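Colleague: For reference, this is work.cif, and it has mmCIF, C-alpha atoms and all ligand atoms.
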data_upload
#
loop_
_atom_site.group_PDB
_atom_site.id
_atom_site.type_symbol
_atom_site.label_atom_id
_atom_site.label_comp_id
_atom_site.auth_asym_id
_atom_site.auth_seq_id
_atom_site.Cartn_x
_atom_site.Cartn_y
_atom_site.Cartn_z
ATOM 1 C CA MET A 7 11.838 15.853 15.556
ATOM 2 C CA SER A 8 11.400 12.381 14.228
ATOM 3 C CA GLN A 9 14.397 10.096 14.315
ATOM 4 C CA THR A 10 12.333 7.321 12.828
ATOM 5 C CA ALA A 11 11.162 7.226 9.236
ATOM 6 C CA ILE A 12 8.660 4.819 7.748
ATOM 7 C CA TYR A 13 9.292 3.450 4.264
ATOM 8 C CA PRO A 14 5.991 1.942 3.127
ATOM 9 C CA GLY A 15 5.352 -0.140 0.046
ATOM 10 C CA SER A 16 4.353 -3.476 -1.353
ATOM 11 C CA PHE A 17 7.901 -4.723 -2.054
ATOM 12 C CA ASP A 18 6.717 -7.582 -4.258
ATOM 13 C CA PRO A 19 9.617 -8.467 -4.249
ATOM 14 C CA VAL A 20 12.380 -6.204 -2.920
ATOM 15 C CA THR A 21 14.763 -4.926 -5.630
ATOM 16 C CA TYR A 22 18.148 -3.198 -5.656
ATOM 17 C CA GLY A 23 16.164 0.044 -6.151
ATOM 18 C CA HIS A 24 14.415 -0.353 -2.790
ATOM 19 C CA ILE A 25 17.695 -1.357 -1.120
ATOM 20 C CA ASP A 26 19.452 1.693 -2.568
ATOM 21 C CA LEU A 27 16.739 3.924 -1.122
ATOM 22 C CA ILE A 28 16.874 2.258 2.305
ATOM 23 C CA LYS A 29 20.662 2.792 2.428
ATOM 24 C CA ARG A 30 20.243 6.466 1.560
ATOM 25 C CA ALA A 31 17.483 6.920 4.140
ATOM 26 C CA SER A 32 19.592 5.229 6.824
ATOM 27 C CA LYS A 33 22.186 7.998 6.424
ATOM 28 C CA ILE A 34 19.557 10.609 7.290
ATOM 29 C CA PHE A 35 17.420 8.876 9.919
ATOM 30 C CA GLU A 36 18.489 6.887 12.929
ATOM 31 C CA ASN A 37 15.775 4.289 12.461
ATOM 32 C CA ILE A 38 14.010 3.181 9.326
ATOM 33 C CA ILE A 39 10.964 0.973 9.557
ATOM 34 C CA VAL A 40 10.327 -0.700 6.225
ATOM 35 C CA ALA A 41 6.554 -1.132 6.318
ATOM 36 C CA VAL A 42 5.160 -3.902 4.163
ATOM 37 C CA ALA A 43 1.530 -3.369 3.243
ATOM 38 C CA ASN A 44 -0.483 -6.494 4.019
ATOM 39 C CA ASN A 45 -3.312 -5.733 1.694
ATOM 40 C CA THR A 46 -2.416 -3.475 -1.167
ATOM 41 C CA GLN A 47 -4.621 -2.608 -4.132
ATOM 42 C CA LYS A 48 -2.179 -4.574 -6.220
ATOM 43 C CA LYS A 49 -2.483 -8.340 -6.313
ATOM 44 C CA THR A 50 0.856 -9.550 -4.985
ATOM 45 C CA LEU A 51 2.834 -12.584 -6.094
ATOM 46 C CA PHE A 52 4.430 -13.040 -2.661
ATOM 47 C CA SER A 53 2.534 -13.117 0.636
ATOM 48 C CA ALA A 54 3.254 -10.357 3.163
ATOM 49 C CA ARG A 55 5.217 -12.863 5.230
ATOM 50 C CA GLU A 56 7.387 -13.811 2.222
ATOM 51 C CA ARG A 57 7.933 -10.170 1.227
ATOM 52 C CA MET A 58 9.028 -9.397 4.784
ATOM 53 C CA ALA A 59 11.413 -12.350 4.951
ATOM 54 C CA LEU A 60 13.119 -11.265 1.710
ATOM 55 C CA LEU A 61 13.361 -7.659 2.918
ATOM 56 C CA LYS A 62 14.829 -8.716 6.265
ATOM 57 C CA LYS A 63 17.514 -10.703 4.530
ATOM 58 C CA ALA A 64 18.213 -7.906 2.034
ATOM 59 C CA THR A 65 18.594 -5.236 4.737
ATOM 60 C CA GLN A 66 20.441 -7.342 7.321
ATOM 61 C CA GLY A 67 23.635 -5.320 7.256
ATOM 62 C CA ILE A 68 22.075 -1.840 7.163
ATOM 63 C CA LYS A 69 22.161 -0.014 10.490
ATOM 64 C CA GLY A 70 18.888 0.967 12.154
ATOM 65 C CA VAL A 71 16.620 -0.875 9.728
ATOM 66 C CA THR A 72 13.695 -3.013 10.852
ATOM 67 C CA VAL A 73 10.962 -4.616 8.789
ATOM 68 C CA GLU A 74 7.330 -4.726 9.863
ATOM 69 C CA ASN A 75 3.971 -5.167 8.209
ATOM 70 C CA PHE A 76 0.841 -3.096 8.560
ATOM 71 C CA ASP A 77 -2.836 -2.975 7.716
ATOM 72 C CA GLY A 78 -4.838 0.120 6.958
ATOM 73 C CA LEU A 79 -3.588 3.668 6.753
ATOM 74 C CA VAL A 80 0.151 4.208 6.713
ATOM 75 C CA ILE A 81 -0.173 7.462 8.677
ATOM 76 C CA GLU A 82 -1.822 5.549 11.507
ATOM 77 C CA PHE A 83 0.954 3.011 11.477
ATOM 78 C CA ALA A 84 3.473 5.887 11.558
ATOM 79 C CA ARG A 85 1.660 7.502 14.473
ATOM 80 C CA ARG A 86 1.719 4.238 16.423
ATOM 81 C CA ARG A 87 5.475 4.070 15.866
ATOM 82 C CA GLY A 88 5.992 7.691 16.923
ATOM 83 C CA SER A 89 7.096 8.814 13.476
ATOM 84 C CA ASN A 90 5.864 11.610 11.233
ATOM 85 C CA VAL A 91 8.135 10.968 8.254
ATOM 86 C CA LEU A 92 7.315 8.806 5.268
ATOM 87 C CA ILE A 93 9.993 7.903 2.744
ATOM 88 C CA ARG A 94 9.022 7.338 -0.880
ATOM 89 C CA GLY A 95 11.105 6.875 -3.990
ATOM 90 C CA LEU A 96 10.980 8.904 -7.176
ATOM 91 C CA ARG A 97 12.359 7.064 -10.141
ATOM 92 C CA MET A 98 11.090 8.979 -13.112
ATOM 93 C CA ILE A 99 8.847 11.924 -13.765
ATOM 94 C CA SER A 100 6.110 9.340 -14.285
ATOM 95 C CA ASP A 101 6.155 8.496 -10.544
ATOM 96 C CA PHE A 102 5.604 12.119 -9.672
ATOM 97 C CA GLU A 103 1.885 12.572 -10.221
ATOM 98 C CA PHE A 104 0.783 9.591 -8.157
ATOM 99 C CA GLU A 105 3.343 10.228 -5.412
ATOM 100 C CA PHE A 106 2.373 13.920 -5.261
ATOM 101 C CA GLN A 107 -1.310 13.021 -4.844
ATOM 102 C CA MET A 108 -0.547 10.452 -2.200
ATOM 103 C CA ALA A 109 1.740 12.767 -0.216
ATOM 104 C CA LEU A 110 -0.842 15.550 -0.222
ATOM 105 C CA THR A 111 -3.620 13.145 0.740
ATOM 106 C CA ASN A 112 -1.560 11.874 3.652
ATOM 107 C CA ARG A 113 -0.827 15.449 4.675
ATOM 108 C CA ARG A 114 -4.520 16.274 4.572
ATOM 109 C CA LEU A 115 -5.206 13.251 6.775
ATOM 110 C CA ASP A 116 -2.473 14.259 9.194
ATOM 111 C CA GLU A 117 -0.899 17.718 8.975
ATOM 112 C CA GLU A 118 2.096 16.556 10.971
ATOM 113 C CA VAL A 119 3.188 13.967 8.443
ATOM 114 C CA GLU A 120 5.891 14.848 5.944
ATOM 115 C CA THR A 121 6.786 12.727 2.945
ATOM 116 C CA VAL A 122 10.456 12.744 2.029
ATOM 117 C CA PHE A 123 11.309 11.761 -1.533
ATOM 118 C CA LEU A 124 14.609 10.152 -2.359
ATOM 119 C CA MET A 125 16.045 9.368 -5.757
ATOM 120 C CA PRO A 126 17.859 6.128 -6.383
ATOM 121 C CA SER A 127 21.171 5.806 -8.117
ATOM 122 C CA GLU A 128 20.470 6.360 -11.822
ATOM 123 C CA GLY A 129 21.345 2.742 -12.551
ATOM 124 C CA TYR A 130 18.225 1.700 -10.630
ATOM 125 C CA SER A 131 15.924 4.465 -11.774
ATOM 126 C CA TYR A 132 14.083 2.249 -14.245
ATOM 127 C CA LEU A 133 13.705 -0.765 -11.930
ATOM 128 C CA SER A 134 10.308 -1.863 -10.736
ATOM 129 C CA SER A 135 9.099 -5.044 -9.060
ATOM 130 C CA THR A 136 6.433 -5.379 -11.752
ATOM 131 C CA LEU A 137 8.931 -5.325 -14.614
ATOM 132 C CA ILE A 138 11.226 -7.754 -12.849
ATOM 133 C CA LYS A 139 8.408 -10.232 -12.305
ATOM 134 C CA GLU A 140 7.481 -9.956 -15.952
ATOM 135 C CA ALA A 141 11.068 -10.390 -17.132
ATOM 136 C CA ALA A 142 11.575 -13.363 -14.789
ATOM 137 C CA SER A 143 8.397 -15.029 -16.026
ATOM 138 C CA LEU A 144 9.793 -14.799 -19.560
ATOM 139 C CA GLY A 145 12.998 -16.472 -18.431
ATOM 140 C CA ALA A 146 15.281 -13.399 -18.234
ATOM 141 C CA ASP A 147 18.327 -13.409 -15.976
ATOM 142 C CA ILE A 148 17.345 -10.864 -13.315
ATOM 143 C CA ARG A 149 20.377 -11.168 -11.048
ATOM 144 C CA SER A 150 21.540 -7.621 -11.746
ATOM 145 C CA PHE A 151 18.196 -6.242 -10.492
ATOM 146 C CA VAL A 152 17.642 -8.204 -7.286
ATOM 147 C CA PRO A 153 19.850 -10.090 -4.793
ATOM 148 C CA ASP A 154 20.524 -13.718 -5.796
ATOM 149 C CA PHE A 155 18.272 -15.160 -3.092
ATOM 150 C CA VAL A 156 15.374 -13.035 -4.378
ATOM 151 C CA ALA A 157 16.016 -14.215 -7.948
ATOM 152 C CA GLU A 158 15.935 -17.823 -6.704
ATOM 153 C CA ARG A 159 12.678 -17.378 -4.776
ATOM 154 C CA LEU A 160 11.139 -15.642 -7.759
ATOM 155 C CA LYS A 161 12.104 -18.483 -10.049
ATOM 156 C CA GLU A 162 10.623 -21.061 -7.653
ATOM 157 C CA LYS A 163 7.474 -19.033 -7.163
ATOM 158 C CA LEU A 164 6.857 -18.615 -10.876
ATOM 159 C CA LYS A 165 7.523 -22.309 -11.458
ATOM 160 C CA ASN A 166 5.016 -23.337 -8.760
ATOM 161 C CA LYS A 167 2.522 -20.846 -10.091
ATOM 162 C CA SER A 168 2.710 -22.188 -13.625
ATOM 163 C CA LEU A 169 2.438 -25.775 -12.312
ATOM 164 C CA GLY A 170 -0.597 -24.631 -10.326
ATOM 165 C CA THR A 171 -2.338 -23.123 -13.325
ATOM 166 C CA ARG A 172 -1.587 -26.127 -15.518
ATOM 167 C CA ARG A 173 -3.291 -28.500 -13.081
HETATM 168 P P1 LIG B 1 3.965 0.680 -3.837
HETATM 169 O O1 LIG B 1 3.097 -0.439 -4.284
HETATM 170 O O2 LIG B 1 3.535 1.312 -2.554
HETATM 171 O O3 LIG B 1 4.306 1.701 -4.882
HETATM 172 P P2 LIG B 1 6.578 -0.435 -4.229
HETATM 173 O O4 LIG B 1 7.179 -1.596 -3.534
HETATM 174 O O5 LIG B 1 6.317 -0.598 -5.687
HETATM 175 O O6 LIG B 1 5.289 -0.082 -3.425
HETATM 176 O O7 LIG B 1 7.454 0.847 -3.988
HETATM 177 C C1 LIG B 1 7.633 1.391 -2.718
HETATM 178 C C2 LIG B 1 8.323 2.718 -2.874
HETATM 179 O O8 LIG B 1 9.631 2.492 -3.407
HETATM 180 C C3 LIG B 1 7.647 3.693 -3.852
HETATM 181 O O9 LIG B 1 7.805 5.004 -3.364
HETATM 182 C C4 LIG B 1 8.417 3.505 -5.127
HETATM 183 O O10 LIG B 1 8.404 4.698 -5.895
HETATM 184 C C5 LIG B 1 9.804 3.233 -4.580
HETATM 185 N N1 LIG B 1 10.599 2.464 -5.518
HETATM 186 C C6 LIG B 1 10.300 1.309 -6.137
HETATM 187 N N2 LIG B 1 11.291 0.915 -6.972
HETATM 188 C C7 LIG B 1 12.248 1.873 -6.874
HETATM 189 C C8 LIG B 1 13.502 2.093 -7.517
HETATM 190 N N3 LIG B 1 13.963 1.276 -8.445
HETATM 191 N N4 LIG B 1 14.192 3.183 -7.162
HETATM 192 C C9 LIG B 1 13.688 4.047 -6.244
HETATM 193 N N5 LIG B 1 12.526 3.925 -5.636
HETATM 194 C C10 LIG B 1 11.803 2.852 -5.943
#
Would you mind giving the structure from this file in structure tokens?
Modeller:
Amino acid sequence: MSQTAIYPGSFDPVTYGHIDLIKRASKIFENIIVAVANNTQKKTLFSARERMALLKKATQGIKGVTVENFDGLVIEFARRRGSNVLIRGLRMISDFEFEFQMALTNRRLDEEVETVFLMPSEGYSYLSSTLIKEAASLGADIRSFVPDFVAERLKEKLKNKSLGTRR
């Protein structure tokens, strides 16, 4: 039986939705490894190193949580860490189709792997990193969606990015 669960994702950047899920998972599993994908299909605003640093700070006080990054297949990363449990979040019905496909693909790749779905508190069920980045770029106050230090980093990042494109 696996005492370690892997929570993979892009976390670009970490939100209160991710944190809510990590807290729930930490009540079920002794160890949670938050696994930050180095190269995701999505183009990320933050580098893997930055995404990890924000996650580490955000999960500091949660027992049994570590943050790592990985390349390639998540099931191989899980195997290397001696885990056969993947945690994923389901916010809305709209997450279901993609998550269902991914879970079954991972199971086909490794029969031993189980994906465990957790639902966030309903207050976070509409939160996504993509929406937060968009809202922040339009000048919205996003402090109720992400920790203050994430909001600050996001503001700086977007400012540097717009300076970069103007040059
Ligand atoms: P990915 O690019 O792999 O989907 P994300 O960082 O967007 O990575 O999400 C990682 C996991 O966390 C996914 O399973 C996603 O459904 C879940 N998740 C993201 N935001 C929330 C939220 N607000 N509440 C619950 N789960 C969430």
Colleague: With a distance cut-off of 9 Å and all atoms listed in the file, select the neighbouring residues of stretch 77-90 of chain A, excluding the residue or stretch itself and same-chain residues fewer than 2 positions from it, and output the selection as a PyMOL selection string.
Modeller: chain A and resi 7-12+14+39+41-46+75+92+112-113+115-116+118-121
Colleague: Please produce, as a Markdown table, a per-residue contact table for chain A versus ligand LIG 1 (chain B) (criterion: any atom at most 9 Å away, only C-alpha atoms and all ligand atoms considered), showing the nearest atom pair and its distance in Å to one decimal, sorted by chain then residue number.
Modeller:
| residue | atom | partner | partner_atom | distance |
| --- | --- | --- | --- | --- |
| A:Tyr13 | CA | B:LIG1 | C2 | 7.2 |
| A:Pro14 | CA | B:LIG1 | C1 | 6.1 |
| A:Gly15 | CA | B:LIG1 | O6 | 3.5 |
| A:Ser16 | CA | B:LIG1 | O4 | 4.0 |
| A:Phe17 | CA | B:LIG1 | O4 | 3.5 |
| A:Asp18 | CA | B:LIG1 | O4 | 6.0 |
| A:Pro19 | CA | B:LIG1 | O4 | 7.3 |
| A:Val20 | CA | B:LIG1 | O4 | 7.0 |
| A:Thr21 | CA | B:LIG1 | N3 | 6.9 |
| A:Tyr22 | CA | B:LIG1 | N3 | 6.7 |
| A:Gly23 | CA | B:LIG1 | N3 | 3.4 |
| A:His24 | CA | B:LIG1 | C7 | 5.1 |
| A:Ile25 | CA | B:LIG1 | N4 | 8.3 |
| A:Asp26 | CA | B:LIG1 | N4 | 7.1 |
| A:Leu27 | CA | B:LIG1 | C9 | 6.0 |
| A:Val42 | CA | B:LIG1 | O4 | 8.3 |
| A:Ala43 | CA | B:LIG1 | O2 | 7.7 |
| A:Thr46 | CA | B:LIG1 | O1 | 7.0 |
| A:Gln47 | CA | B:LIG1 | O1 | 8.0 |
| A:Lys48 | CA | B:LIG1 | O1 | 7.0 |
| A:Ile93 | CA | B:LIG1 | O9 | 7.1 |
| A:Arg94 | CA | B:LIG1 | O9 | 3.6 |
| A:Gly95 | CA | B:LIG1 | N5 | 3.7 |
| A:Leu96 | CA | B:LIG1 | O10 | 5.1 |
| A:Arg97 | CA | B:LIG1 | C9 | 5.1 |
| A:Met98 | CA | B:LIG1 | O10 | 8.8 |
| A:Asp101 | CA | B:LIG1 | O10 | 6.4 |
| A:Phe102 | CA | B:LIG1 | O10 | 8.8 |
| A:Glu105 | CA | B:LIG1 | O9 | 7.2 |
| A:Phe123 | CA | B:LIG1 | O9 | 7.8 |
| A:Leu124 | CA | B:LIG1 | C9 | 7.3 |
| A:Met125 | CA | B:LIG1 | C9 | 5.8 |
| A:Pro126 | CA | B:LIG1 | C9 | 4.7 |
| A:Ser127 | CA | B:LIG1 | N4 | 7.5 |
| A:Glu128 | CA | B:LIG1 | N4 | 8.4 |
| A:Gly129 | CA | B:LIG1 | N3 | 8.6 |
| A:Tyr130 | CA | B:LIG1 | N3 | 4.8 |
| A:Ser131 | CA | B:LIG1 | N3 | 5.0 |
| A:Tyr132 | CA | B:LIG1 | N3 | 5.9 |
| A:Leu133 | CA | B:LIG1 | N3 | 4.0 |
| A:Ser134 | CA | B:LIG1 | N2 | 4.8 |
| A:Ser135 | CA | B:LIG1 | O5 | 6.2 |
| A:Thr136 | CA | B:LIG1 | O5 | 7.7 |
| A:Phe151 | CA | B:LIG1 | N3 | 8.9 |
Colleague: Restrict the selected residues to C-alpha atoms and save them as a PDB file, in the frame of the given file.
Modeller:
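Dumped to out_30.pdb:
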ATOM      1  CA  TYR A  13       9.292   3.450   4.264  1.00  0.00           C
ATOM      2  CA  PRO A  14       5.991   1.942   3.127  1.00  0.00           C
ATOM      3  CA  GLY A  15       5.352  -0.140   0.046  1.00  0.00           C
ATOM      4  CA  SER A  16       4.353  -3.476  -1.353  1.00  0.00           C
ATOM      5  CA  PHE A  17       7.901  -4.723  -2.054  1.00  0.00           C
ATOM      6  CA  ASP A  18       6.717  -7.582  -4.258  1.00  0.00           C
ATOM      7  CA  PRO A  19       9.617  -8.467  -4.249  1.00  0.00           C
ATOM      8  CA  VAL A  20      12.380  -6.204  -2.920  1.00  0.00           C
ATOM      9  CA  THR A  21      14.763  -4.926  -5.630  1.00  0.00           C
ATOM     10  CA  TYR A  22      18.148  -3.198  -5.656  1.00  0.00           C
ATOM     11  CA  GLY A  23      16.164   0.044  -6.151  1.00  0.00           C
ATOM     12  CA  HIS A  24      14.415  -0.353  -2.790  1.00  0.00           C
ATOM     13  CA  ILE A  25      17.695  -1.357  -1.120  1.00  0.00           C
ATOM     14  CA  ASP A  26      19.452   1.693  -2.568  1.00  0.00           C
ATOM     15  CA  LEU A  27      16.739   3.924  -1.122  1.00  0.00           C
ATOM     16  CA  VAL A  42       5.160  -3.902   4.163  1.00  0.00           C
ATOM     17  CA  ALA A  43       1.530  -3.369   3.243  1.00  0.00           C
ATOM     18  CA  THR A  46      -2.416  -3.475  -1.167  1.00  0.00           C
ATOM     19  CA  GLN A  47      -4.621  -2.608  -4.132  1.00  0.00           C
ATOM     20  CA  LYS A  48      -2.179  -4.574  -6.220  1.00  0.00           C
ATOM     21  CA  ILE A  93       9.993   7.903   2.744  1.00  0.00           C
ATOM     22  CA  ARG A  94       9.022   7.338  -0.880  1.00  0.00           C
ATOM     23  CA  GLY A  95      11.105   6.875  -3.990  1.00  0.00           C
ATOM     24  CA  LEU A  96      10.980   8.904  -7.176  1.00  0.00           C
ATOM     25  CA  ARG A  97      12.359   7.064 -10.141  1.00  0.00           C
ATOM     26  CA  MET A  98      11.090   8.979 -13.112  1.00  0.00           C
ATOM     27  CA  ASP A 101       6.155   8.496 -10.544  1.00  0.00           C
ATOM     28  CA  PHE A 102       5.604  12.119  -9.672  1.00  0.00           C
ATOM     29  CA  GLU A 105       3.343  10.228  -5.412  1.00  0.00           C
ATOM     30  CA  PHE A 123      11.309  11.761  -1.533  1.00  0.00           C
ATOM     31  CA  LEU A 124      14.609  10.152  -2.359  1.00  0.00           C
ATOM     32  CA  MET A 125      16.045   9.368  -5.757  1.00  0.00           C
ATOM     33  CA  PRO A 126      17.859   6.128  -6.383  1.00  0.00           C
ATOM     34  CA  SER A 127      21.171   5.806  -8.117  1.00  0.00           C
ATOM     35  CA  GLU A 128      20.470   6.360 -11.822  1.00  0.00           C
ATOM     36  CA  GLY A 129      21.345   2.742 -12.551  1.00  0.00           C
ATOM     37  CA  TYR A 130      18.225   1.700 -10.630  1.00  0.00           C
ATOM     38  CA  SER A 131      15.924   4.465 -11.774  1.00  0.00           C
ATOM     39  CA  TYR A 132      14.083   2.249 -14.245  1.00  0.00           C
ATOM     40  CA  LEU A 133      13.705  -0.765 -11.930  1.00  0.00           C
ATOM     41  CA  SER A 134      10.308  -1.863 -10.736  1.00  0.00           C
ATOM     42  CA  SER A 135       9.099  -5.044  -9.060  1.00  0.00           C
ATOM     43  CA  THR A 136       6.433  -5.379 -11.752  1.00  0.00           C
ATOM     44  CA  PHE A 151      18.196  -6.242 -10.492  1.00  0.00           C
TER      45      PHE A 151
END
Colleague: Could you check which of A:Phe106, A:Phe35, A:Phe155, A:Phe76 is closest to A:Arg55, using only C-alpha atoms?
Modeller: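 Checking each candidate against A:Arg55, we get A:Phe76 as the closest.
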Colleague: Considering all atoms listed in the file, can you say which of A:Val122, A:Val156, A:Leu169, A:Leu110 comes closest to A:Ala64?
Modeller: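 Smallest separation from A:Ala64 among the options: A:Val156.
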Colleague: How many Å separate atom CA of A:Pro153 from atom CA of A:Lys62?
Modeller: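 Distance reported for this atom pair: 12.2 Å.
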Colleague: In Å, rounded to a single decimal, give me how far atom CA of A:Leu164 is from atom CA of A:Ala59.
Modeller: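 For atom CA of A:Ala59 relative to atom CA of A:Leu164, the distance reads 17.6 Å.
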Colleague: Can you sort out the box for stretch 27-39 of chain A, edges along x, y and z, all listed atoms in, 4 Å on every side, with centre and edge lengths in Å to one decimal, as lines of an AutoDock Vina configuration file?
Modeller:
center_x = 16.6
center_y = 5.8
center_z = 5.9
size_x = 19.2
size_y = 17.6
size_z = 22.1
Colleague: Which one is closest to A:Ser168: A:Met108, A:Leu144, A:Val91, A:Val152? Count only C-alpha atoms.
Modeller: A:Leu144
Colleague: With distances taken over all atoms listed in the file, which residue among A:Ile68, A:Leu61, A:Ile99, A:Leu51 lies nearest A:Lys161?
Modeller: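 Among A:Ile68, A:Leu61, A:Ile99, A:Leu51, it is A:Leu51 that comes nearest to A:Lys161.
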Colleague: Rank nothing, just name the residue among A:Lys167, A:Arg57, A:Lys49, A:Arg30 nearest to A:Glu74, using all atoms listed in the file.
Modeller: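 Among the listed residues, A:Arg57 lies closest to A:Glu74.
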Colleague: Take atom CA of A:Ile28 and atom CA of A:Glu103 and report the distance between them in Å, one decimal.
Modeller: 22.1 Å
Colleague: Taking into account only C-alpha atoms, which residue in the set A:Ser32, A:Thr72, A:Gln107, A:Lys139 is nearest to A:Arg159?
Modeller: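 Of the candidates, the smallest distance to A:Arg159 is held by A:Lys139.
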Colleague: From the block you just saw, export stretch 126-161 of chain A: C-alpha atoms, as a PDB file, in the first residue's frame.
Modeller:
ATOM      1  CA  PRO A 126     -11.868  21.405  -3.627  1.00  0.00           C
ATOM      2  CA  SER A 127     -13.983  23.478  -1.323  1.00  0.00           C
ATOM      3  CA  GLU A 128     -16.781  24.909  -3.477  1.00  0.00           C
ATOM      4  CA  GLY A 129     -15.378  28.403  -3.018  1.00  0.00           C
ATOM      5  CA  TYR A 130     -12.355  27.356  -5.086  1.00  0.00           C
ATOM      6  CA  SER A 131     -14.140  25.205  -7.623  1.00  0.00           C
ATOM      7  CA  TYR A 132     -13.988  27.850 -10.340  1.00  0.00           C
ATOM      8  CA  LEU A 133     -10.348  28.856  -9.768  1.00  0.00           C
ATOM      9  CA  SER A 134      -7.729  28.183 -12.387  1.00  0.00           C
ATOM     10  CA  SER A 135      -4.185  29.459 -12.837  1.00  0.00           C
ATOM     11  CA  THR A 136      -5.082  30.524 -16.376  1.00  0.00           C
ATOM     12  CA  LEU A 137      -7.984  32.714 -15.273  1.00  0.00           C
ATOM     13  CA  ILE A 138      -5.952  34.253 -12.483  1.00  0.00           C
ATOM     14  CA  LYS A 139      -3.145  35.182 -14.857  1.00  0.00           C
ATOM     15  CA  GLU A 140      -5.660  36.743 -17.197  1.00  0.00           C
ATOM     16  CA  ALA A 141      -7.394  38.670 -14.415  1.00  0.00           C
ATOM     17  CA  ALA A 142      -4.040  39.856 -13.024  1.00  0.00           C
ATOM     18  CA  SER A 143      -2.905  41.036 -16.448  1.00  0.00           C
ATOM     19  CA  LEU A 144      -6.050  43.174 -16.624  1.00  0.00           C
ATOM     20  CA  GLY A 145      -5.231  44.702 -13.257  1.00  0.00           C
ATOM     21  CA  ALA A 146      -7.695  42.752 -11.060  1.00  0.00           C
ATOM     22  CA  ASP A 147      -7.025  42.299  -7.356  1.00  0.00           C
ATOM     23  CA  ILE A 148      -6.339  38.557  -7.130  1.00  0.00           C
ATOM     24  CA  ARG A 149      -5.477  38.327  -3.438  1.00  0.00           C
ATOM     25  CA  SER A 150      -8.522  36.208  -2.625  1.00  0.00           C
ATOM     26  CA  PHE A 151      -7.391  33.556  -5.144  1.00  0.00           C
ATOM     27  CA  VAL A 152      -3.693  33.190  -4.355  1.00  0.00           C
ATOM     28  CA  PRO A 153      -1.437  33.874  -1.339  1.00  0.00           C
ATOM     29  CA  ASP A 154      -0.161  37.476  -1.176  1.00  0.00           C
ATOM     30  CA  PHE A 155       3.397  36.536  -2.135  1.00  0.00           C
ATOM     31  CA  VAL A 156       2.091  34.816  -5.282  1.00  0.00           C
ATOM     32  CA  ALA A 157       0.021  37.892  -6.176  1.00  0.00           C
ATOM     33  CA  GLU A 158       3.153  40.038  -5.779  1.00  0.00           C
ATOM     34  CA  ARG A 159       5.316  37.774  -7.951  1.00  0.00           C
ATOM     35  CA  LEU A 160       2.585  37.654 -10.560  1.00  0.00           C
ATOM     36  CA  LYS A 161       2.354  41.420 -10.652  1.00  0.00           C
TER      37      LYS A 161
END
